[in-house]
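Asker: One structure follows; several queries about it will come next.
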Amino acid sequence: MKAALLTGASGDIGSAIARDLAADGWSLYLHYFANQEKVEKLIQELLRAYPQQEFYPLQMNLTDEAEMEKIAAQIFSLQAIVFAHGTTEYGLLQHVHSREMDDLWGMHVKMPILIIQAFQDKISRSENGRIVFISSVYGAVGSGLEVLYSTVKGAQIAFVKAYSKEVAYTGVTVNAVCPGAIDTKMNEHLTGEEKAELMDEIPVGRLGNPAEVSFWVAQLLKTESSYLTGQAIYVTGGWLK
Ligand SMILES: NC(=O)c1ccc[n+]([C@@H]2O[C@H](COP(=O)([O-])OP(=O)(O)OC[C@H]3O[C@@H](n4cnc5c(N)ncnc54)[C@H](OP(=O)(O)O)[C@@H]3O)[C@@H](O)[C@H]2O)c1
């Protein structure tokens, strides 16, 4: 049975990815940080729809390296990893504390890399291994007031480009899906007026929805996607990129 680890499965984009991958026959390790209830409900829903597959919850704080032990102890077979967790901080760079920098870097870059190191052998064994980062269009074009977030999202894209070359001979593909503005919890702070201004800037004329991101993740995990690696795919409605 093919199994994938999905971080941020309790998030809006993450739960859309979980539904699409489950529909494609994947068994899933569904990671969450604080939102246990959302993942428990998602697991009940997926078990009802796909009783032959397996769905396990996995709690981890991805700013805390010590939590690597949890993941090593709980995951056995694995063919794919999708990193769909993440947060941002808004404000001028001058006001970002060293601790916040460490957390953003740890969560978006260092911990995913530690997880990949821990599972590289398992993933390569499948001969069709898959790694996908949910990065951001800001990782390519940058955003003022989210300088650190843009930096770590750009680092994810740089990692994808380099690491994909190192493991290509094993059949593992490594890609980034880079959303623009998606209608999720992450954008809940926007006022109606701010959302309208944002939509004016987006050629498609609206925010994206999580299923429009998860669609591309599901394509990348298919066996037929074996010749696409090292790419950043921008899902932005034509915005910024
Ligand atoms: N929404 C957008 O417009 C947009 C655009 C570009 C890129 N993205 C990227 O898409 C990904 C998913 O975002 P989303 O919009 O789906 O946001 P979301 O609904 O707020 O989900 C965020 C996810 O990150 C997890 N998380 C938060 N703090 C964590 C921590 N310390 N350790 C581990 N996990 C943690 C959350 O877990 P709990 O809920 O369990 O706490 C949740 O699963 C992120 O990488 C984000 O940067 C989003």
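Ordered as shown in the structure tokens, chains take letters A, B, and onward, while each chain numbers its residues from 1 and ligands are numbered from 1 in the order shown.
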Which residues sit within 7 Å of ligand 1, counting only C-alpha atoms and all ligand atoms, listed as a PyMOL selection string?

Answerer: chain A and resi 7-14+32-36+60-63+84-88+107+134-137+178-187

Asker: Need the shell around Pro57 (chain A): protein/DNA/RNA residues with any atom at most 10 Å away, counting only C-alpha atoms. Skip same-chain ones fewer than 6 positions apart. Format as a PDB file with C-alpha atoms, in the first residue's frame?

Answerer:
ATOM      1  CA  LEU A   6       1.365  15.077   4.911  1.00  0.00           C
ATOM      2  CA  ALA A   9      -3.086  18.227   7.291  1.00  0.00           C
ATOM      3  CA  SER A  10      -5.124  20.252   9.802  1.00  0.00           C
ATOM      4  CA  LEU A  28      -1.707   8.925   4.966  1.00  0.00           C
ATOM      5  CA  TYR A  29       0.135  10.046   8.065  1.00  0.00           C
ATOM      6  CA  LEU A  30      -1.778  13.240   8.826  1.00  0.00           C
ATOM      7  CA  HIS A  31       0.256  15.755  10.775  1.00  0.00           C
ATOM      8  CA  TYR A  32      -1.176  18.559  12.903  1.00  0.00           C
ATOM      9  CA  GLN A  36      -6.181  17.662  16.802  1.00  0.00           C
ATOM     10  CA  VAL A  39      -7.481  15.874  11.935  1.00  0.00           C
ATOM     11  CA  GLU A  40      -9.540  13.360  13.964  1.00  0.00           C
ATOM     12  CA  LEU A  42     -10.803  14.231   8.723  1.00  0.00           C
ATOM     13  CA  ILE A  43      -9.631  10.714   9.565  1.00  0.00           C
ATOM     14  CA  GLN A  74       5.683   6.402  14.273  1.00  0.00           C
TER      15      GLN A  74
END

Asker: Pick out the closest residue to Glu127 (chain A) from this set: A:Leu78, A:Tyr90, A:Phe159, A:Ala176. Count only C-alpha atoms.

Answerer: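 Distance minimum relative to Glu127 (chain A) lands on A:Leu78.
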
Asker: Nearest residue to Glu224 (chain A) out of A:Gly129, A:Leu148, A:His189, A:Lys241, using only C-alpha atoms?

Answerer: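 Among the listed residues, A:Gly129 lies closest to Glu224 (chain A).
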
Asker: Considering only C-alpha atoms, state which residue in the set A:Gly91, A:Trp239, A:Gln231, A:Ser225 is at the smallest distance from Gly205 (chain A).

Answerer: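 Counting only C-alpha atoms, the residue closest to Gly205 (chain A) is A:Trp239.
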
Asker: For region 19-23 of chain A, work out the shell of residues within 12 Å, counting only C-alpha atoms and skipping chain neighbours fewer than 2 positions away, then give it as an mmCIF file with N, CA, C and O atoms, in the first residue's frame.

Answerer:
data_model
loop_
_atom_site.group_PDB
_atom_site.id
_atom_site.type_symbol
_atom_site.label_atom_id
_atom_site.label_comp_id
_atom_site.auth_asym_id
_atom_site.auth_seq_id
_atom_site.Cartn_x
_atom_site.Cartn_y
_atom_site.Cartn_z
ATOM 1 N N MET A 1 0.847 -1.201 0.000
ATOM 2 C CA MET A 1 0.000 0.000 0.000
ATOM 3 C C MET A 1 0.883 1.252 0.000
ATOM 4 O O MET A 1 1.837 1.331 0.761
ATOM 5 N N LYS A 2 0.570 2.234 -0.882
ATOM 6 C CA LYS A 2 1.416 3.433 -0.930
ATOM 7 C C LYS A 2 1.019 4.391 0.202
ATOM 8 O O LYS A 2 -0.170 4.617 0.446
ATOM 9 N N ALA A 3 2.055 4.916 0.893
ATOM 10 C CA ALA A 3 1.793 5.783 2.049
ATOM 11 C C ALA A 3 2.556 7.091 1.928
ATOM 12 O O ALA A 3 3.696 7.120 1.457
ATOM 13 N N ALA A 4 1.898 8.182 2.341
ATOM 14 C CA ALA A 4 2.528 9.503 2.305
ATOM 15 C C ALA A 4 2.405 10.172 3.670
ATOM 16 O O ALA A 4 1.422 9.976 4.384
ATOM 17 N N LEU A 5 3.415 10.961 4.002
ATOM 18 C CA LEU A 5 3.351 11.844 5.168
ATOM 19 C C LEU A 5 2.913 13.212 4.671
ATOM 20 O O LEU A 5 3.506 13.754 3.734
ATOM 21 N N LEU A 6 1.868 13.751 5.283
ATOM 22 C CA LEU A 6 1.365 15.077 4.911
ATOM 23 C C LEU A 6 1.433 15.976 6.140
ATOM 24 O O LEU A 6 0.679 15.776 7.098
ATOM 25 N N ALA A 9 -1.811 18.805 7.764
ATOM 26 C CA ALA A 9 -3.086 18.227 7.291
ATOM 27 C C ALA A 9 -4.276 18.885 7.982
ATOM 28 O O ALA A 9 -5.405 18.808 7.489
ATOM 29 N N SER A 10 -4.049 19.541 9.111
ATOM 30 C CA SER A 10 -5.124 20.252 9.802
ATOM 31 C C SER A 10 -5.384 21.626 9.194
ATOM 32 O O SER A 10 -6.345 22.298 9.561
ATOM 33 N N ASP A 12 -6.046 24.395 5.915
ATOM 34 C CA ASP A 12 -7.053 24.386 4.839
ATOM 35 C C ASP A 12 -6.491 23.777 3.554
ATOM 36 O O ASP A 12 -7.157 22.953 2.909
ATOM 37 N N ILE A 13 -5.274 24.164 3.185
ATOM 38 C CA ILE A 13 -4.673 23.568 1.977
ATOM 39 C C ILE A 13 -4.339 22.100 2.270
ATOM 40 O O ILE A 13 -4.602 21.210 1.455
ATOM 41 N N GLY A 14 -3.802 21.834 3.466
ATOM 42 C CA GLY A 14 -3.433 20.461 3.847
ATOM 43 C C GLY A 14 -4.628 19.509 3.802
ATOM 44 O O GLY A 14 -4.516 18.389 3.293
ATOM 45 N N SER A 15 -5.788 19.932 4.313
ATOM 46 C CA SER A 15 -6.915 18.983 4.318
ATOM 47 C C SER A 15 -7.444 18.746 2.902
ATOM 48 O O SER A 15 -7.886 17.638 2.583
ATOM 49 N N ALA A 16 -7.335 19.756 2.028
ATOM 50 C CA ALA A 16 -7.717 19.529 0.621
ATOM 51 C C ALA A 16 -6.756 18.511 -0.017
ATOM 52 O O ALA A 16 -7.184 17.626 -0.768
ATOM 53 N N ILE A 17 -5.478 18.630 0.314
ATOM 54 C CA ILE A 17 -4.496 17.672 -0.228
ATOM 55 C C ILE A 17 -4.814 16.263 0.295
ATOM 56 O O ILE A 17 -4.789 15.282 -0.457
ATOM 57 N N GLY A 25 -5.895 6.804 -3.652
ATOM 58 C CA GLY A 25 -5.457 5.512 -3.099
ATOM 59 C C GLY A 25 -4.321 5.571 -2.089
ATOM 60 O O GLY A 25 -3.799 4.539 -1.679
ATOM 61 N N TRP A 26 -3.944 6.776 -1.681
ATOM 62 C CA TRP A 26 -2.846 6.895 -0.719
ATOM 63 C C TRP A 26 -3.343 6.631 0.707
ATOM 64 O O TRP A 26 -4.412 7.099 1.105
ATOM 65 N N SER A 27 -2.532 5.904 1.481
ATOM 66 C CA SER A 27 -2.703 5.894 2.931
ATOM 67 C C SER A 27 -1.881 7.060 3.458
ATOM 68 O O SER A 27 -0.856 7.416 2.863
ATOM 69 N N LEU A 28 -2.320 7.647 4.570
ATOM 70 C CA LEU A 28 -1.707 8.925 4.966
ATOM 71 C C LEU A 28 -1.372 9.015 6.449
ATOM 72 O O LEU A 28 -2.162 8.594 7.303
ATOM 73 N N TYR A 29 -0.195 9.564 6.722
ATOM 74 C CA TYR A 29 0.135 10.046 8.065
ATOM 75 C C TYR A 29 -0.243 11.521 8.067
ATOM 76 O O TYR A 29 0.344 12.304 7.307
ATOM 77 N N LEU A 30 -1.232 11.884 8.884
ATOM 78 C CA LEU A 30 -1.778 13.240 8.826
ATOM 79 C C LEU A 30 -1.284 14.061 10.016
ATOM 80 O O LEU A 30 -1.735 13.887 11.158
ATOM 81 N N VAL A 39 -8.077 17.059 12.554
ATOM 82 C CA VAL A 39 -7.481 15.874 11.935
ATOM 83 C C VAL A 39 -8.266 14.614 12.319
ATOM 84 O O VAL A 39 -8.466 13.726 11.486
ATOM 85 N N LEU A 42 -11.236 14.548 10.090
ATOM 86 C CA LEU A 42 -10.803 14.231 8.723
ATOM 87 C C LEU A 42 -10.548 12.729 8.604
ATOM 88 O O LEU A 42 -10.950 12.087 7.619
ATOM 89 N N ILE A 43 -9.919 12.151 9.604
ATOM 90 C CA ILE A 43 -9.631 10.714 9.565
ATOM 91 C C ILE A 43 -10.931 9.909 9.536
ATOM 92 O O ILE A 43 -11.062 8.957 8.758
ATOM 93 N N GLN A 44 -11.918 10.313 10.331
ATOM 94 C CA GLN A 44 -13.203 9.597 10.311
ATOM 95 C C GLN A 44 -13.823 9.664 8.914
ATOM 96 O O GLN A 44 -14.315 8.673 8.386
ATOM 97 N N GLU A 45 -13.782 10.867 8.335
ATOM 98 C CA GLU A 45 -14.352 11.056 6.982
ATOM 99 C C GLU A 45 -13.625 10.171 5.956
ATOM 100 O O GLU A 45 -14.268 9.490 5.143
ATOM 101 N N LEU A 46 -12.297 10.140 6.025
ATOM 102 C CA LEU A 46 -11.526 9.384 5.028
ATOM 103 C C LEU A 46 -11.694 7.880 5.229
ATOM 104 O O LEU A 46 -11.775 7.118 4.261
ATOM 105 N N LEU A 47 -11.789 7.466 6.490
ATOM 106 C CA LEU A 47 -11.972 6.022 6.748
ATOM 107 C C LEU A 47 -13.322 5.526 6.236
ATOM 108 O O LEU A 47 -13.434 4.415 5.737
ATOM 109 N N ARG A 48 -14.346 6.401 6.352
ATOM 110 C CA ARG A 48 -15.670 6.027 5.830
ATOM 111 C C ARG A 48 -15.616 5.875 4.300
ATOM 112 O O ARG A 48 -16.171 4.951 3.730
ATOM 113 N N ALA A 49 -14.897 6.806 3.652
ATOM 114 C CA ALA A 49 -14.863 6.802 2.184
ATOM 115 C C ALA A 49 -13.905 5.741 1.624
ATOM 116 O O ALA A 49 -14.151 5.194 0.555
ATOM 117 N N TYR A 50 -12.810 5.486 2.351
ATOM 118 C CA TYR A 50 -11.774 4.579 1.832
ATOM 119 C C TYR A 50 -11.374 3.572 2.915
ATOM 120 O O TYR A 50 -10.257 3.626 3.460
ATOM 121 N N PRO A 51 -12.264 2.644 3.247
ATOM 122 C CA PRO A 51 -12.005 1.743 4.377
ATOM 123 C C PRO A 51 -10.803 0.813 4.189
ATOM 124 O O PRO A 51 -10.291 0.277 5.175
ATOM 125 N N GLN A 52 -10.355 0.644 2.930
ATOM 126 C CA GLN A 52 -9.197 -0.256 2.696
ATOM 127 C C GLN A 52 -7.869 0.436 3.001
ATOM 128 O O GLN A 52 -6.834 -0.215 3.044
ATOM 129 N N GLN A 53 -7.895 1.785 3.118
ATOM 130 C CA GLN A 53 -6.641 2.524 3.324
ATOM 131 C C GLN A 53 -6.461 2.850 4.805
ATOM 132 O O GLN A 53 -7.383 2.676 5.610
ATOM 133 N N GLU A 54 -5.238 3.301 5.138
ATOM 134 C CA GLU A 54 -4.954 3.600 6.544
ATOM 135 C C GLU A 54 -4.672 5.096 6.722
ATOM 136 O O GLU A 54 -4.014 5.707 5.877
ATOM 137 N N PHE A 55 -5.158 5.640 7.827
ATOM 138 C CA PHE A 55 -4.991 7.071 8.107
ATOM 139 C C PHE A 55 -4.605 7.226 9.581
ATOM 140 O O PHE A 55 -5.350 6.801 10.462
ATOM 141 N N ALA A 80 6.088 9.006 -0.097
ATOM 142 C CA ALA A 80 5.996 10.432 -0.446
ATOM 143 C C ALA A 80 5.880 11.295 0.803
ATOM 144 O O ALA A 80 5.372 10.843 1.832
ATOM 145 N N ILE A 81 6.379 12.522 0.683
ATOM 146 C CA ILE A 81 6.184 13.520 1.746
ATOM 147 C C ILE A 81 5.673 14.801 1.095
ATOM 148 O O ILE A 81 6.229 15.270 0.098
ATOM 149 N N VAL A 82 4.622 15.356 1.681
ATOM 150 C CA VAL A 82 4.121 16.658 1.240
ATOM 151 C C VAL A 82 4.175 17.593 2.454
ATOM 152 O O VAL A 82 3.567 17.301 3.489
ATOM 153 N N PRO A 210 -8.463 26.086 -1.809
ATOM 154 C CA PRO A 210 -7.483 25.035 -1.502
ATOM 155 C C PRO A 210 -7.472 23.888 -2.520
ATOM 156 O O PRO A 210 -6.416 23.349 -2.834
ATOM 157 N N ALA A 211 -8.631 23.545 -3.072
ATOM 158 C CA ALA A 211 -8.676 22.425 -4.028
ATOM 159 C C ALA A 211 -7.916 22.752 -5.314
ATOM 160 O O ALA A 211 -7.444 21.843 -6.005
ATOM 161 N N GLU A 212 -7.776 24.056 -5.616
ATOM 162 C CA GLU A 212 -7.038 24.434 -6.825
ATOM 163 C C GLU A 212 -5.527 24.296 -6.610
ATOM 164 O O GLU A 212 -4.754 24.305 -7.568
ATOM 165 N N VAL A 213 -5.113 24.197 -5.350
ATOM 166 C CA VAL A 213 -3.704 23.919 -5.036
ATOM 167 C C VAL A 213 -3.495 22.402 -4.921
ATOM 168 O O VAL A 213 -2.567 21.827 -5.500
ATOM 169 N N SER A 214 -4.396 21.748 -4.206
ATOM 170 C CA SER A 214 -4.214 20.304 -3.959
ATOM 171 C C SER A 214 -4.250 19.510 -5.269
ATOM 172 O O SER A 214 -3.587 18.487 -5.390
ATOM 173 N N PHE A 215 -4.985 20.012 -6.259
ATOM 174 C CA PHE A 215 -5.037 19.335 -7.565
ATOM 175 C C PHE A 215 -3.626 19.096 -8.109
ATOM 176 O O PHE A 215 -3.300 18.012 -8.579
ATOM 177 N N TRP A 216 -2.774 20.129 -8.002
ATOM 178 C CA TRP A 216 -1.424 20.024 -8.579
ATOM 179 C C TRP A 216 -0.545 19.099 -7.749
ATOM 180 O O TRP A 216 0.315 18.397 -8.282
ATOM 181 N N VAL A 217 -0.772 19.094 -6.444
ATOM 182 C CA VAL A 217 -0.003 18.172 -5.582
ATOM 183 C C VAL A 217 -0.343 16.735 -5.973
ATOM 184 O O VAL A 217 0.544 15.886 -6.129
ATOM 185 N N ALA A 218 -1.624 16.466 -6.157
ATOM 186 C CA ALA A 218 -2.044 15.107 -6.514
ATOM 187 C C ALA A 218 -1.424 14.691 -7.858
ATOM 188 O O ALA A 218 -1.010 13.538 -8.011
ATOM 189 N N GLN A 219 -1.327 15.634 -8.797
ATOM 190 C CA GLN A 219 -0.694 15.285 -10.090
ATOM 191 C C GLN A 219 0.765 14.908 -9.886
ATOM 192 O O GLN A 219 1.264 13.951 -10.464
ATOM 193 N N LEU A 220 1.455 15.692 -9.051
ATOM 194 C CA LEU A 220 2.890 15.448 -8.845
ATOM 195 C C LEU A 220 3.161 14.094 -8.190
ATOM 196 O O LEU A 220 4.220 13.518 -8.376
ATOM 197 N N LEU A 221 2.198 13.597 -7.424
ATOM 198 C CA LEU A 221 2.410 12.319 -6.742
ATOM 199 C C LEU A 221 2.124 11.111 -7.638
ATOM 200 O O LEU A 221 2.408 9.984 -7.274
ATOM 201 N N LYS A 222 1.580 11.359 -8.803
ATOM 202 C CA LYS A 222 1.260 10.230 -9.688
ATOM 203 C C LYS A 222 2.544 9.649 -10.293
ATOM 204 O O LYS A 222 3.510 10.371 -10.534
#

Asker: From the options A:Val172, A:Ile75, A:Leu145, A:Leu93, which residue's atoms come nearest to Gln120 (chain A), counting only C-alpha atoms?

Answerer: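 Residue with the minimum atom-to-atom distance to Gln120 (chain A): A:Val172.
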
Asker: Return the single residue from A:Gln79, A:Thr173, A:Gln59, A:Gly192 that is closest to Asp121 (chain A), with distances computed using only C-alpha atoms.

Answerer: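 The closest residue to Asp121 (chain A) is A:Gln79.
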
Asker: Which one is closest to Lys110 (chain A): A:Ala73, A:Met68, A:Leu240, A:Ile123? Count only C-alpha atoms.

Answerer: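 That would be A:Met68, the residue with the smallest distance to Lys110 (chain A).
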
Asker: Output as a list in words all residues of region 115-152 of chain A that backbone DSSP marks as strand (DSSP E or B).

Answerer: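 After running DSSP on the backbone, region 115-152 of chain A has strand (DSSP E or B) at Arg130, Ile131, Val132, Phe133 and Ile134 of chain A.
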
Asker: Can you measure CA of Ile202 (chain A) to CA of Gln156 (chain A) for me? One decimal in Å is fine.

Answerer: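 Computed distance, CA of Ile202 (chain A) to CA of Gln156 (chain A), equals 23.9 Å.
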
Asker: Between CA of Phe83 (chain A) and CA of Phe133 (chain A), measure the distance and give it in Å to one decimal.

Answerer: 4.8 Å

Asker: Taking the DSSP assignment computed from this structure's backbone, write out as a count of residues only all residues of region 144-207 of chain A that belong to helix (DSSP H, G or I).

Answerer: 37

Asker: Please, which residues in region 6-124 of chain A fall within 9 Å of region 151-154 of chain A when counting only C-alpha atoms, and what is the closest atom pair and distance in Å to one decimal for each, ordered by chain then residue number, as a Markdown table?

Answerer:
| residue | atom | partner | partner_atom | distance |
| --- | --- | --- | --- | --- |
| A:Leu104 | CA | A:Val152 | CA | 7.0 |
| A:Trp105 | CA | A:Val152 | CA | 6.0 |
| A:His108 | CA | A:Val152 | CA | 6.2 |
| A:Val109 | CA | A:Val152 | CA | 6.6 |
